[in-house]
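Notes to accompany the following structure.
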Amino acid sequence: MPLLEVTDLKVYYPIRGGILGGVIGHVKAVDGVTFSVNEGQTVGLVGESGSGKTTIGKAILGLVPIRDGTILFDGKDITKYIGKNRSEYRKSVQMVFQDVHSSINAKKMVLDVIAEPIRNFEKLSRAEERKKVDELLTIVGMSPLDAHKYPHEFSGGQRQRIGVARAIALKPKLIVADEPVSALDLSIQAQVLNYMKDVQEEMGLSYIFISHDLGVVKHMCETLAIMHNSRFVEVGERNDIYKNAKHIYTRRLIASIPDTNPDMKTVNEMKRIEINKEYQEQYNNYYMEGGMVYPLKSIDGSEAHYVAIP
Ligand SMILES: Nc1ncnc2c1ncn2[C@@H]1O[C@H](COP(=O)(O)OP(=O)(O)OP(=O)(O)O)[C@@H](O)[C@H]1O
Ligand SMILES: [Mg+2]
């Protein structure tokens, strides 16, 4: 049984307007997505800005109401959790938020930022708590001496690591990591990603790793779901996606991965132009009216590789 099973999830945000400020329509932020996450697995959600990635994460955390569909965790419907089960779920699933500035309280010392979830769920003495915070700081490559500093005294990369330390404090089973490294320099990106991988191995964690950049998720995710216009255009194992992408949108995303090899620069630039042209010309063959994405179907009977084509 998968750890998390999301089926036909829909999340619509109300649009308010008119003189009375009533609901005059909806933004269909997530419009029917299905995927699952196994224990210890990392699933990547990749797609451009506004495609609905963060909304999926928030729905899993129970932070936005679900319009339709189900989310099962350990086989149980998360919307039906109450009392003790709800609190257990809130411990088991954590999110590293996209916007660290707003998710970390700038007025709190690092010690308090990281200890907050521990204080909410566990009764530890001051000394035990301090020991745990020191351990967490060490795991993410920072120093116990940092505990008495404030978030503004750190670089963006260090703040992201504080976010990761806080998310792992309760030994969750699943972490939704929303663009955890997108604000960072390439060299620091690799550092934070490596910490996340080490922690995963140590604790048997599962990740949902959200990014707009297929280059970043490449070494993190066994399975990838490519999102566009509120739905998945393609789902597959790492090799299916990077070596054998079927949807024009996925191929365009792959072509946009920055070059690491300067010798290939011209060749890749040509390829990018070619694929962009194909994307414009072939759009109507890949999307329904209004840009609506087709339902996914299996490629050659594969149980792992799916693409949204007519
Ligand atoms: N609280 C909200 N109220 C109304 N609309 C919202 C709200 N949050 C998000 N949206 C809309 O829902 C859609 C999906 O937003 P979401 O934040 O999930 O995208 P995203 O894929 O995470 O984008 P990004 O890569 O920029 O973070 C967008 O059209 C966005 O404008
Ligand atoms: Mg987002």
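By convention here, the chains of the structure tokens are called A, B, ... in the order presented, each chain's residues are numbered starting at 1, and ligands are numbered starting at 1 in the order presented.
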Shell around region 10-21 of chain A at 10 Å using only C-alpha atoms, local window under 4 positions removed, as a ChimeraX atom specification: /A:25-34,52,55-56,58-59,64-70,230-231
Env. residues ligand 2 / 12 Å / only C-alpha atoms and all ligand atoms / as number ranges by chain: A: 29, 45-58, 96-99, 176-180, 182, 209-212, 227
Closest of A:Ser36, A:Ala167, A:Asn85, A:Ile226 to ligand 1 - atom-to-atom distances counting only C-alpha atoms and all ligand atoms: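 Nearest to ligand 1: A:Ile226.
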Secondary structure check, helix (DSSP H, G or I) residues of region 158-259 of chain A, as a ChimeraX atom specification: /A:158-168,186-203,214-217,238-244,248-255
Please produce a file of those selected residues containing C-alpha atoms, as a CSV table (one decimal), in the first residue's frame.
chain,number,residue,atom,x,y,z
A,158,GLN,CA,21.2,28.7,5.5
A,159,ARG,CA,17.6,29.8,6.0
A,160,GLN,CA,16.4,27.0,3.7
A,161,ARG,CA,18.4,24.6,5.8
A,162,ILE,CA,16.7,26.0,8.9
A,163,GLY,CA,13.4,25.3,7.2
A,164,VAL,CA,14.6,21.7,6.5
A,165,ALA,CA,15.7,21.2,10.1
A,166,ARG,CA,12.3,22.4,11.3
A,167,ALA,CA,10.5,20.1,9.0
A,168,ILE,CA,12.4,17.0,10.1
A,186,LEU,CA,24.0,26.3,-7.8
A,187,SER,CA,26.8,25.3,-5.4
A,188,ILE,CA,24.6,25.7,-2.4
A,189,GLN,CA,21.7,24.0,-4.1
A,190,ALA,CA,23.7,20.8,-4.3
A,191,GLN,CA,24.6,21.1,-0.6
A,192,VAL,CA,21.0,21.4,0.5
A,193,LEU,CA,19.8,18.6,-1.8
A,194,ASN,CA,22.6,16.4,-0.4
A,195,TYR,CA,21.5,17.1,3.1
A,196,MET,CA,17.9,16.2,2.2
A,197,LYS,CA,19.0,13.0,0.6
A,198,ASP,CA,21.1,12.0,3.7
A,199,VAL,CA,18.3,12.8,6.0
A,200,GLN,CA,16.0,10.7,3.8
A,201,GLU,CA,18.3,7.7,4.1
A,202,GLU,CA,18.7,8.1,7.8
A,203,MET,CA,15.0,8.4,8.5
A,214,LEU,CA,13.7,19.7,-14.4
A,215,GLY,CA,17.5,20.1,-14.0
A,216,VAL,CA,17.2,20.4,-10.2
A,217,VAL,CA,15.0,17.4,-9.6
A,238,ARG,CA,13.2,9.3,-14.2
A,239,ASN,CA,14.5,7.7,-17.4
A,240,ASP,CA,11.0,7.8,-19.1
A,241,ILE,CA,11.0,11.5,-18.6
A,242,TYR,CA,14.6,12.5,-19.3
A,243,LYS,CA,15.3,10.1,-22.2
A,244,ASN,CA,11.9,9.3,-23.6
A,248,ILE,CA,5.6,18.4,-26.2
A,249,TYR,CA,5.4,20.3,-22.9
A,250,THR,CA,7.8,17.9,-21.2
A,251,ARG,CA,10.2,18.0,-24.2
A,252,ARG,CA,10.2,21.8,-24.1
A,253,LEU,CA,11.0,21.7,-20.3
A,254,ILE,CA,13.9,19.3,-20.9
A,255,ALA,CA,15.2,21.5,-23.7
Nearest to Asn284 (chain A) by atom-to-atom distance, counting only C-alpha atoms, from A:Thr260, A:Gly301, A:Glu135, A:Pro310: A:Pro310
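Using only C-alpha atoms and all ligand atoms, the nearest neighbour of ligand 1 within the list A:Asn229, A:Thr79, A:Thr7, A:Ser143 is A:Asn229.
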Of the listed residues A:Met142, A:Val37, A:Ile118, A:Val23, that which approaches Ser155 (chain A) most closely, counting only C-alpha atoms: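 Going through A:Met142, A:Val37, A:Ile118, A:Val23 one by one, the smallest distance to Ser155 (chain A) is for A:Met142.
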Of the listed residues A:Leu63, A:Val110, A:Met288, A:Ala245, that which approaches ligand 1 most closely, counting only C-alpha atoms and all ligand atoms: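 Closest residue, counting only C-alpha atoms and all ligand atoms: A:Leu63.
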Backbone DSSP call of strand (DSSP E) for region 46-282 of chain A, listed as a PyMOL selection string: chain A and resi 46-47+68-73+76-77+93-96+174-178+206-211+223-228+231-237
If you keep N, CA and C atoms, can you produce a file of those selected residues as a JSON list (two decimals), in the first residue's frame?
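Produced file again_39.json, reproduced below:
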[["chain", "number", "residue", "atom", "x", "y", "z"],
["A", 46, "VAL", "N", 6.74, 18.88, -11.21],
["A", 46, "VAL", "CA", 7.47, 19.90, -11.97],
["A", 46, "VAL", "C", 6.53, 20.60, -12.93],
["A", 47, "GLY", "N", 6.66, 21.91, -13.03],
["A", 47, "GLY", "CA", 5.85, 22.64, -13.99],
["A", 47, "GLY", "C", 6.02, 24.12, -13.81],
["A", 68, "ASP", "N", -12.85, 18.22, -4.73],
["A", 68, "ASP", "CA", -13.26, 16.88, -5.13],
["A", 68, "ASP", "C", -12.04, 15.96, -5.06],
["A", 69, "GLY", "N", -12.28, 14.66, -5.02],
["A", 69, "GLY", "CA", -11.18, 13.70, -5.00],
["A", 69, "GLY", "C", -10.87, 13.25, -3.58],
["A", 70, "THR", "N", -9.88, 12.35, -3.46],
["A", 70, "THR", "CA", -9.53, 11.85, -2.13],
["A", 70, "THR", "C", -8.02, 11.89, -1.92],
["A", 71, "ILE", "N", -7.64, 12.04, -0.66],
["A", 71, "ILE", "CA", -6.23, 11.93, -0.27],
["A", 71, "ILE", "C", -6.16, 10.90, 0.86],
["A", 72, "LEU", "N", -5.53, 9.76, 0.58],
["A", 72, "LEU", "CA", -5.39, 8.73, 1.60],
["A", 72, "LEU", "C", -3.94, 8.72, 2.09],
["A", 73, "PHE", "N", -3.78, 8.68, 3.42],
["A", 73, "PHE", "CA", -2.46, 8.55, 4.02],
["A", 73, "PHE", "C", -2.48, 7.27, 4.84],
["A", 76, "LYS", "N", -5.85, 5.82, 4.95],
["A", 76, "LYS", "CA", -7.00, 6.50, 5.58],
["A", 76, "LYS", "C", -7.22, 7.89, 5.01],
["A", 77, "ASP", "N", -8.48, 8.26, 4.86],
["A", 77, "ASP", "CA", -8.88, 9.54, 4.29],
["A", 77, "ASP", "C", -8.50, 10.69, 5.24],
["A", 93, "VAL", "N", 3.34, 14.58, 8.52],
["A", 93, "VAL", "CA", 3.49, 15.24, 7.23],
["A", 93, "VAL", "C", 3.89, 16.69, 7.44],
["A", 94, "GLN", "N", 5.02, 17.08, 6.90],
["A", 94, "GLN", "CA", 5.53, 18.44, 7.08],
["A", 94, "GLN", "C", 5.78, 19.07, 5.72],
["A", 95, "MET", "N", 5.83, 20.41, 5.72],
["A", 95, "MET", "CA", 6.09, 21.10, 4.46],
["A", 95, "MET", "C", 7.27, 22.06, 4.64],
["A", 96, "VAL", "N", 8.17, 22.06, 3.67],
["A", 96, "VAL", "CA", 9.18, 23.11, 3.61],
["A", 96, "VAL", "C", 8.62, 24.13, 2.63],
["A", 174, "LEU", "N", 6.51, 11.99, 5.73],
["A", 174, "LEU", "CA", 6.46, 12.63, 4.41],
["A", 174, "LEU", "C", 6.77, 14.11, 4.54],
["A", 175, "ILE", "N", 7.62, 14.61, 3.66],
["A", 175, "ILE", "CA", 7.86, 16.06, 3.60],
["A", 175, "ILE", "C", 7.51, 16.56, 2.21],
["A", 176, "VAL", "N", 6.67, 17.59, 2.17],
["A", 176, "VAL", "CA", 6.41, 18.28, 0.92],
["A", 176, "VAL", "C", 7.41, 19.41, 0.86],
["A", 177, "ALA", "N", 8.38, 19.31, -0.05],
["A", 177, "ALA", "CA", 9.44, 20.32, -0.15],
["A", 177, "ALA", "C", 9.15, 21.18, -1.36],
["A", 178, "ASP", "N", 8.68, 22.41, -1.11],
["A", 178, "ASP", "CA", 8.21, 23.28, -2.19],
["A", 178, "ASP", "C", 9.33, 24.21, -2.64],
["A", 206, "SER", "N", 9.77, 9.95, 2.98],
["A", 206, "SER", "CA", 9.33, 10.17, 1.60],
["A", 206, "SER", "C", 9.28, 11.67, 1.34],
["A", 207, "TYR", "N", 9.55, 12.04, 0.10],
["A", 207, "TYR", "CA", 9.45, 13.46, -0.28],
["A", 207, "TYR", "C", 8.51, 13.65, -1.46],
["A", 208, "ILE", "N", 7.77, 14.74, -1.41],
["A", 208, "ILE", "CA", 7.20, 15.28, -2.64],
["A", 208, "ILE", "C", 8.03, 16.52, -2.92],
["A", 209, "PHE", "N", 8.73, 16.51, -4.02],
["A", 209, "PHE", "CA", 9.70, 17.55, -4.29],
["A", 209, "PHE", "C", 9.15, 18.43, -5.41],
["A", 210, "ILE", "N", 8.87, 19.68, -5.08],
["A", 210, "ILE", "CA", 8.24, 20.57, -6.05],
["A", 210, "ILE", "C", 9.28, 21.51, -6.67],
["A", 211, "SER", "N", 9.26, 21.63, -8.00],
["A", 211, "SER", "CA", 10.21, 22.52, -8.65],
["A", 211, "SER", "C", 9.69, 22.93, -10.03],
["A", 223, "THR", "N", 10.45, 9.21, -9.48],
["A", 223, "THR", "CA", 9.25, 9.36, -10.28],
["A", 223, "THR", "C", 8.95, 10.84, -10.44],
["A", 224, "LEU", "N", 8.48, 11.21, -11.64],
["A", 224, "LEU", "CA", 8.19, 12.62, -11.90],
["A", 224, "LEU", "C", 6.80, 12.78, -12.48],
["A", 225, "ALA", "N", 6.13, 13.83, -12.03],
["A", 225, "ALA", "CA", 4.85, 14.21, -12.63],
["A", 225, "ALA", "C", 5.03, 15.61, -13.18],
["A", 226, "ILE", "N", 4.79, 15.77, -14.48],
["A", 226, "ILE", "CA", 4.96, 17.07, -15.12],
["A", 226, "ILE", "C", 3.60, 17.75, -15.19],
["A", 227, "MET", "N", 3.54, 18.96, -14.62],
["A", 227, "MET", "CA", 2.26, 19.62, -14.47],
["A", 227, "MET", "C", 2.14, 20.82, -15.40],
["A", 228, "HIS", "N", 0.96, 20.99, -15.99],
["A", 228, "HIS", "CA", 0.70, 22.16, -16.81],
["A", 228, "HIS", "C", -0.80, 22.43, -16.79],
["A", 231, "ARG", "N", -3.14, 20.32, -14.41],
["A", 231, "ARG", "CA", -3.18, 18.86, -14.51],
["A", 231, "ARG", "C", -1.82, 18.29, -14.86],
["A", 232, "PHE", "N", -1.70, 16.95, -14.83],
["A", 232, "PHE", "CA", -0.46, 16.31, -15.23],
["A", 232, "PHE", "C", -0.47, 16.06, -16.73],
["A", 233, "VAL", "N", 0.60, 16.48, -17.43],
["A", 233, "VAL", "CA", 0.70, 16.16, -18.85],
["A", 233, "VAL", "C", 1.47, 14.86, -19.07],
["A", 234, "GLU", "N", 2.33, 14.50, -18.09],
["A", 234, "GLU", "CA", 3.11, 13.27, -18.24],
["A", 234, "GLU", "C", 3.58, 12.80, -16.86],
["A", 235, "VAL", "N", 3.58, 11.49, -16.67],
["A", 235, "VAL", "CA", 4.06, 10.90, -15.42],
["A", 235, "VAL", "C", 4.96, 9.73, -15.79],
["A", 236, "GLY", "N", 6.11, 9.62, -15.12],
["A", 236, "GLY", "CA", 6.97, 8.48, -15.44],
["A", 236, "GLY", "C", 8.16, 8.38, -14.52],
["A", 237, "GLU", "N", 8.89, 7.28, -14.66],
["A", 237, "GLU", "CA", 10.15, 7.11, -13.94],
["A", 237, "GLU", "C", 11.15, 8.10, -14.53]]
Straight-line distance linking CA of Ala127 (chain A) with CA of Asp146 (chain A), stated in Å to one decimal: 16.5 Å
Which of A:Val43, A:Leu61, A:Leu137, A:Ala308 sits closest to Val293 (chain A) [using only C-alpha atoms]: A:Ala308
